[in-house]
>>> print(open('run_31.cif').read())   # mmCIF, C-alpha atoms
data_entry
loop_
_atom_site.label_atom_id
_atom_site.label_comp_id
_atom_site.auth_asym_id
_atom_site.auth_seq_id
_atom_site.Cartn_x
_atom_site.Cartn_y
_atom_site.Cartn_z
CA MET A 1 128.74 222.81 -102.60
CA PRO A 2 126.76 219.81 -103.93
CA ALA A 3 124.76 217.83 -101.38
CA GLN A 4 124.75 214.09 -100.94
CA PRO A 5 122.23 212.48 -103.31
CA PHE A 6 118.91 211.80 -101.62
CA THR A 7 117.22 208.54 -102.54
CA THR A 8 115.86 206.83 -99.42
CA VAL A 9 116.44 207.94 -95.84
CA SER A 10 115.43 205.73 -92.93
CA GLY A 11 115.60 206.01 -89.16
CA ARG A 12 114.01 207.55 -86.10
CA ALA A 13 112.19 210.87 -86.20
CA ALA A 14 112.46 213.65 -83.62
CA ALA A 15 109.07 215.20 -82.83
CA MET A 16 109.01 218.95 -82.12
CA ARG A 17 105.44 219.96 -81.36
CA GLU A 18 106.06 223.68 -81.00
CA ASP A 19 104.77 225.96 -83.76
CA ASN A 20 106.72 228.88 -85.24
CA PHE A 21 110.21 227.47 -84.87
CA ASP A 22 112.03 230.37 -86.49
CA THR A 23 115.54 230.31 -87.92
CA ASP A 24 116.91 232.07 -84.83
CA ILE A 25 115.83 229.07 -82.75
CA ILE A 26 117.33 226.67 -85.29
CA PHE A 27 120.58 228.65 -85.57
CA PRO A 28 120.95 231.55 -83.09
CA ALA A 29 122.10 234.85 -84.58
CA ARG A 30 125.15 235.16 -82.33
CA PHE A 31 126.76 232.30 -84.26
CA LEU A 32 126.39 233.97 -87.66
CA LEU A 33 129.99 235.17 -87.57
CA ILE A 34 131.16 231.57 -87.91
CA THR A 35 132.19 231.35 -91.56
CA ALA A 36 132.87 227.62 -91.92
CA LYS A 37 129.95 225.56 -93.19
CA ALA A 38 131.23 222.34 -91.65
CA GLY A 39 130.51 221.71 -87.99
CA LEU A 40 127.45 223.94 -87.68
CA GLY A 41 125.42 221.03 -86.32
CA GLU A 42 127.00 221.80 -82.97
CA TYR A 43 124.97 225.03 -82.86
CA ALA A 44 121.62 223.72 -84.13
CA PHE A 45 118.83 224.41 -81.62
CA HIS A 46 121.63 225.48 -79.29
CA ASP A 47 119.50 227.35 -76.78
CA ARG A 48 117.03 224.47 -76.55
CA ARG A 49 119.68 221.77 -76.27
CA PHE A 50 121.99 223.53 -73.81
CA ALA A 51 121.56 225.50 -70.60
CA SER A 52 123.39 228.79 -70.02
CA ASP A 53 126.22 226.91 -68.29
CA GLY A 54 126.72 224.69 -71.35
CA SER A 55 125.19 221.57 -69.85
CA LYS A 56 122.67 219.57 -71.85
CA VAL A 57 119.01 220.23 -71.11
CA GLU A 58 117.56 217.00 -69.80
CA GLY A 59 114.43 215.85 -71.56
CA TYR A 60 114.98 217.79 -74.77
CA VAL A 61 114.28 215.46 -77.66
CA LEU A 62 117.62 215.97 -79.43
CA ASN A 63 119.47 215.17 -76.21
CA ASP A 64 117.66 211.84 -75.92
CA PRO A 65 120.02 209.18 -77.36
CA PRO A 66 117.41 207.44 -79.56
CA PHE A 67 116.66 210.75 -81.30
CA ALA A 68 119.99 212.59 -81.15
CA ASP A 69 120.97 211.34 -84.61
CA ALA A 70 117.47 211.21 -86.09
CA PRO A 71 117.53 211.91 -89.85
CA VAL A 72 113.92 213.12 -89.75
CA ILE A 73 112.35 215.99 -87.82
CA ILE A 74 108.57 216.27 -87.48
CA ALA A 75 107.75 219.84 -86.54
CA GLY A 76 104.88 222.15 -85.72
CA ALA A 77 103.47 224.66 -88.17
CA ASN A 78 105.51 227.46 -89.74
CA PHE A 79 108.87 225.76 -89.23
CA GLY A 80 111.82 227.84 -90.40
CA SER A 81 110.06 231.19 -90.39
CA GLY A 82 111.95 234.41 -89.75
CA SER A 83 115.21 235.51 -91.34
CA SER A 84 116.59 233.91 -94.47
CA ARG A 85 119.85 232.68 -92.91
CA GLU A 86 121.01 229.61 -94.84
CA GLN A 87 123.09 228.57 -91.84
CA ALA A 88 119.87 227.21 -90.30
CA VAL A 89 119.75 224.56 -93.02
CA TRP A 90 123.49 223.89 -92.84
CA ALA A 91 123.15 223.35 -89.09
CA LEU A 92 120.38 220.80 -89.64
CA LEU A 93 122.58 218.99 -92.16
CA GLY A 94 125.35 219.02 -89.57
CA LEU A 95 123.02 217.18 -87.21
CA GLY A 96 122.39 214.56 -89.89
CA VAL A 97 118.86 215.74 -90.71
CA ARG A 98 117.75 215.00 -94.28
CA THR A 99 113.97 215.43 -93.98
CA VAL A 100 111.71 217.86 -92.14
CA ILE A 101 107.96 217.24 -92.01
CA SER A 102 105.54 220.03 -91.12
CA SER A 103 102.18 221.46 -92.10
CA SER A 104 103.92 224.65 -93.28
CA PHE A 105 107.38 226.18 -93.68
CA GLY A 106 108.94 229.58 -93.97
CA GLU A 107 109.13 230.09 -97.74
CA ILE A 108 112.83 230.94 -97.96
CA PHE A 109 113.77 228.22 -95.49
CA GLN A 110 111.84 225.65 -97.54
CA SER A 111 113.70 226.69 -100.69
CA ASN A 112 117.05 226.61 -98.87
CA CYS A 113 116.32 223.08 -97.70
CA MET A 114 115.85 221.81 -101.23
CA ARG A 115 118.94 223.68 -102.45
CA ASN A 116 121.07 221.99 -99.79
CA GLY A 117 119.88 218.39 -99.78
CA ILE A 118 117.06 218.41 -97.22
CA VAL A 119 113.57 217.28 -98.26
CA PRO A 120 110.82 219.48 -96.72
CA ILE A 121 107.57 217.53 -96.69
CA VAL A 122 104.28 219.41 -96.28
CA LEU A 123 101.35 217.41 -94.90
CA PRO A 124 98.02 218.31 -93.28
CA GLU A 125 98.17 219.13 -89.57
CA GLY A 126 96.25 216.00 -88.61
CA GLN A 127 98.73 213.75 -90.39
CA VAL A 128 101.66 215.60 -88.86
CA ALA A 129 100.20 215.14 -85.37
CA ALA A 130 99.71 211.41 -86.00
CA LEU A 131 103.30 211.10 -87.20
CA MET A 132 104.52 212.87 -84.07
CA ASP A 133 102.70 210.29 -81.95
CA LEU A 134 104.42 207.49 -83.85
CA ALA A 135 107.79 209.20 -83.57
CA GLU A 136 107.47 209.60 -79.82
CA ALA A 137 106.54 205.92 -79.58
CA GLY A 138 109.86 205.05 -81.24
CA ALA A 139 108.69 204.14 -84.75
CA ASN A 140 111.16 204.01 -87.61
CA PHE A 141 110.44 206.13 -90.65
CA SER A 142 111.44 205.84 -94.29
CA VAL A 143 111.38 208.62 -96.87
CA ASP A 144 111.59 207.51 -100.51
CA LEU A 145 112.11 210.52 -102.75
CA GLU A 146 112.04 208.48 -105.96
CA SER A 147 108.45 207.35 -105.31
CA GLN A 148 107.62 210.35 -103.10
CA GLN A 149 106.35 208.07 -100.36
CA LEU A 150 106.70 208.40 -96.60
CA SER A 151 106.24 205.27 -94.52
CA ALA A 152 106.42 204.37 -90.85
CA GLU A 153 105.80 201.32 -88.75
CA GLY A 154 102.09 200.88 -88.21
CA LEU A 155 101.07 203.38 -90.87
CA ALA A 156 100.03 203.12 -94.51
CA PRO A 157 102.41 204.91 -96.91
CA ILE A 158 101.76 208.64 -97.32
CA SER A 159 102.35 210.43 -100.61
CA PHE A 160 104.10 213.78 -100.73
CA SER A 161 105.14 216.10 -103.53
CA ILE A 162 108.38 217.92 -104.32
CA PRO A 163 108.62 220.18 -107.42
CA PRO A 164 110.04 218.10 -110.31
CA GLU A 165 113.22 220.14 -110.90
CA ARG A 166 113.96 220.29 -107.18
CA ARG A 167 113.32 216.57 -106.86
CA LEU A 168 115.71 215.82 -109.73
CA ALA A 169 118.43 217.92 -108.11
CA LEU A 170 117.91 216.24 -104.72
CA LEU A 171 118.03 212.76 -106.21
CA ASN A 172 121.32 213.54 -107.94
CA GLY A 173 122.91 215.69 -105.24
CA TRP A 174 123.15 218.62 -107.65
CA ASP A 175 123.65 222.22 -106.63
CA GLU A 176 122.19 224.92 -108.88
CA THR A 177 125.23 225.01 -111.17
CA ASP A 178 125.24 221.22 -111.52
CA GLN A 179 121.56 221.28 -112.41
CA ILE A 180 122.02 223.86 -115.17
CA VAL A 181 125.01 222.01 -116.65
CA ASN A 182 123.33 218.60 -116.54
CA GLN A 183 119.85 219.60 -117.65
CA TYR A 184 120.86 222.06 -120.35
CA SER A 185 124.15 220.63 -121.61
CA GLY A 186 122.77 220.30 -125.15
CA GLU A 187 121.66 223.93 -125.24
CA ILE A 188 125.01 225.07 -123.78
CA GLU A 189 126.98 223.13 -126.39
CA ALA A 190 124.77 224.45 -129.21
CA PHE A 191 125.31 228.02 -127.99
CA GLU A 192 129.08 227.51 -127.94
CA VAL A 193 129.01 226.20 -131.51
CA ARG A 194 127.01 229.23 -132.69
CA GLN A 195 129.26 231.61 -130.80
CA ARG A 196 132.43 230.07 -132.21
CA GLN A 197 131.01 230.62 -135.68
CA SER A 198 129.77 234.17 -135.12
CA GLN A 199 132.52 235.41 -132.76
CA PRO A 200 135.56 233.19 -133.37
CA TRP A 201 137.97 235.75 -131.91
CA LEU A 202 136.57 235.00 -128.43
CA TYR A 203 138.19 231.59 -128.65
CA THR A 204 141.64 232.66 -129.87
CA ARG A 205 144.59 232.34 -127.55
CA GLU A 206 145.42 236.02 -127.93
CA PHE A 207 141.95 237.11 -126.82
CA ALA A 208 141.87 234.66 -123.93
CA ALA A 209 145.21 236.01 -122.71
#
>>> encode(input="run_31.cif", output="structure tokens")
Amino acid sequence: MPAQPFTTVSGRAAAMREDNFDTDIIFPARFLLITAKAGLGEYAFHDRRFASDGSKVEGYVLNDPPFADAPVIIAGANFGSGSSREQAVWALLGLGVRTVISSSFGEIFQSNCMRNGIVPIVLPEGQVAALMDLAEAGANFSVDLESQQLSAEGLAPISFSIPPERRLALLNGWDETDQIVNQYSGEIEAFEVRQRQSQPWLYTREFAA
């Protein structure tokens, strides 16, 4: 399913200082039997947000009203490590998260983010720590994917880099099929012309039936 186009995202950022947030923390394995993609935000960070009796854990950043709907997460190192479950990314999207900033990511998780409309920004640990301080102080953040610039109140803009093809897909809200069709439409059309000439029977009604 195509994601919403990502141009500029602005708002508060939730700081999560813990390192090694694996995908089982982001989306616990016991919820993997849920087949619907919609509504998974309810289960994101479930065991950090909720006690065993279902009550909200007081003091957890995502239960704090200013940060509950934050479109940006600033996380410790190795965020999204562990299993490759794509539901972890879908759950973040369900929370309204469009950007995660960390000094490092699990490789598959990072790829899944870009395939589903979340921008994973890699910055040095010192910069990440400084951004966490600003986030906890209530600063507003802005992520501009077009210019690849991250800005926050009281901070000079910071450049980041997303691979060009991934960036193009994120800007347009393309999934992988959309990207192939849009980037290679000329080549696809040329192939069809050649195939119609060399194998015309493939395009007859009788063969199609």
>>> residues_around(input="run_31.cif", residues="range 31-42 of chain A", least_positions_apart="4", cutoff="7 Å", atoms="all atoms listed in the file", output="list of chain:residue names")
A:Trp90, A:Ala91, A:Leu92, A:Leu93, A:Gly94, A:Leu95
>>> write_last_selection(input="run_31.cif", atoms="C-alpha atoms", output="short mmCIF file (atom, residue, chain, number, x, y, z; two decimals), keeping the file's coordinate frame")
data_model
loop_
_atom_site.label_atom_id
_atom_site.label_comp_id
_atom_site.auth_asym_id
_atom_site.auth_seq_id
_atom_site.Cartn_x
_atom_site.Cartn_y
_atom_site.Cartn_z
CA TRP A 90 123.49 223.89 -92.84
CA ALA A 91 123.15 223.35 -89.09
CA LEU A 92 120.38 220.80 -89.64
CA LEU A 93 122.58 218.99 -92.16
CA GLY A 94 125.35 219.02 -89.57
CA LEU A 95 123.02 217.18 -87.21
#
>>> residues_near_point(input="run_31.cif", point="(121.2, 213.3, -91.0)", cutoff="10 Å", atoms="only C-alpha atoms", output="ChimeraX atom specification")
/A:9-11,41,68-73,92-99,118
>>> resolve_selection(input="run_31.cif", expression="the PyMOL selection byres ((chain A and resi 148) around 10)", output="mmCIF file with C-alpha atoms, in the coordinates of the input")
data_model
loop_
_atom_site.group_PDB
_atom_site.id
_atom_site.type_symbol
_atom_site.label_atom_id
_atom_site.label_comp_id
_atom_site.auth_asym_id
_atom_site.auth_seq_id
_atom_site.Cartn_x
_atom_site.Cartn_y
_atom_site.Cartn_z
ATOM 1 C CA THR A 7 117.220 208.540 -102.540
ATOM 2 C CA THR A 8 115.860 206.830 -99.420
ATOM 3 C CA ILE A 121 107.570 217.530 -96.690
ATOM 4 C CA VAL A 143 111.380 208.620 -96.870
ATOM 5 C CA ASP A 144 111.590 207.510 -100.510
ATOM 6 C CA LEU A 145 112.110 210.520 -102.750
ATOM 7 C CA GLU A 146 112.040 208.480 -105.960
ATOM 8 C CA SER A 147 108.450 207.350 -105.310
ATOM 9 C CA GLN A 149 106.350 208.070 -100.360
ATOM 10 C CA LEU A 150 106.700 208.400 -96.600
ATOM 11 C CA PRO A 157 102.410 204.910 -96.910
ATOM 12 C CA ILE A 158 101.760 208.640 -97.320
ATOM 13 C CA SER A 159 102.350 210.430 -100.610
ATOM 14 C CA PHE A 160 104.100 213.780 -100.730
ATOM 15 C CA SER A 161 105.140 216.100 -103.530
ATOM 16 C CA ILE A 162 108.380 217.920 -104.320
ATOM 17 C CA ARG A 167 113.320 216.570 -106.860
#
>>> residues_around(input="run_31.cif", residues="Met114 in chain A", least_positions_apart="3", cutoff="9 Å", atoms="all atoms listed in the file", output="ChimeraX atom specification")
/A:109-111,117-120,162,166-167,169-170
>>> resolve_selection(input="run_31.cif", expression="the PyMOL selection byres ((chain A and resi 75) around 12)", output="JSON list (two decimals) with C-alpha atoms, in the coordinates of the input")
[["chain", "number", "residue", "atom", "x", "y", "z"],
["A", 13, "ALA", "CA", 112.19, 210.87, -86.20],
["A", 14, "ALA", "CA", 112.46, 213.65, -83.62],
["A", 15, "ALA", "CA", 109.07, 215.20, -82.83],
["A", 16, "MET", "CA", 109.01, 218.95, -82.12],
["A", 17, "ARG", "CA", 105.44, 219.96, -81.36],
["A", 18, "GLU", "CA", 106.06, 223.68, -81.00],
["A", 19, "ASP", "CA", 104.77, 225.96, -83.76],
["A", 20, "ASN", "CA", 106.72, 228.88, -85.24],
["A", 21, "PHE", "CA", 110.21, 227.47, -84.87],
["A", 22, "ASP", "CA", 112.03, 230.37, -86.49],
["A", 26, "ILE", "CA", 117.33, 226.67, -85.29],
["A", 61, "VAL", "CA", 114.28, 215.46, -77.66],
["A", 72, "VAL", "CA", 113.92, 213.12, -89.75],
["A", 73, "ILE", "CA", 112.35, 215.99, -87.82],
["A", 74, "ILE", "CA", 108.57, 216.27, -87.48],
["A", 76, "GLY", "CA", 104.88, 222.15, -85.72],
["A", 77, "ALA", "CA", 103.47, 224.66, -88.17],
["A", 78, "ASN", "CA", 105.51, 227.46, -89.74],
["A", 79, "PHE", "CA", 108.87, 225.76, -89.23],
["A", 80, "GLY", "CA", 111.82, 227.84, -90.40],
["A", 99, "THR", "CA", 113.97, 215.43, -93.98],
["A", 100, "VAL", "CA", 111.71, 217.86, -92.14],
["A", 101, "ILE", "CA", 107.96, 217.24, -92.01],
["A", 102, "SER", "CA", 105.54, 220.03, -91.12],
["A", 103, "SER", "CA", 102.18, 221.46, -92.10],
["A", 104, "SER", "CA", 103.92, 224.65, -93.28],
["A", 105, "PHE", "CA", 107.38, 226.18, -93.68],
["A", 120, "PRO", "CA", 110.82, 219.48, -96.72],
["A", 121, "ILE", "CA", 107.57, 217.53, -96.69],
["A", 122, "VAL", "CA", 104.28, 219.41, -96.28],
["A", 123, "LEU", "CA", 101.35, 217.41, -94.90],
["A", 124, "PRO", "CA", 98.02, 218.31, -93.28],
["A", 125, "GLU", "CA", 98.17, 219.13, -89.57],
["A", 127, "GLN", "CA", 98.73, 213.75, -90.39],
["A", 128, "VAL", "CA", 101.66, 215.60, -88.86],
["A", 129, "ALA", "CA", 100.20, 215.14, -85.37],
["A", 130, "ALA", "CA", 99.71, 211.41, -86.00],
["A", 131, "LEU", "CA", 103.30, 211.10, -87.20],
["A", 132, "MET", "CA", 104.52, 212.87, -84.07],
["A", 133, "ASP", "CA", 102.70, 210.29, -81.95],
["A", 135, "ALA", "CA", 107.79, 209.20, -83.57]]
>>> closest_residue(input="run_31.cif", among="A:Glu165, A:Pro66, A:Gln87, A:Ile188", to="Asn116 in chain A", atoms="all atoms listed in the file")
A:Gln87
>>> atom_distance(input="run_31.cif", atom1="CA of Leu62 in chain A", atom2="CA of Ile25 in chain A")
13.6 Å
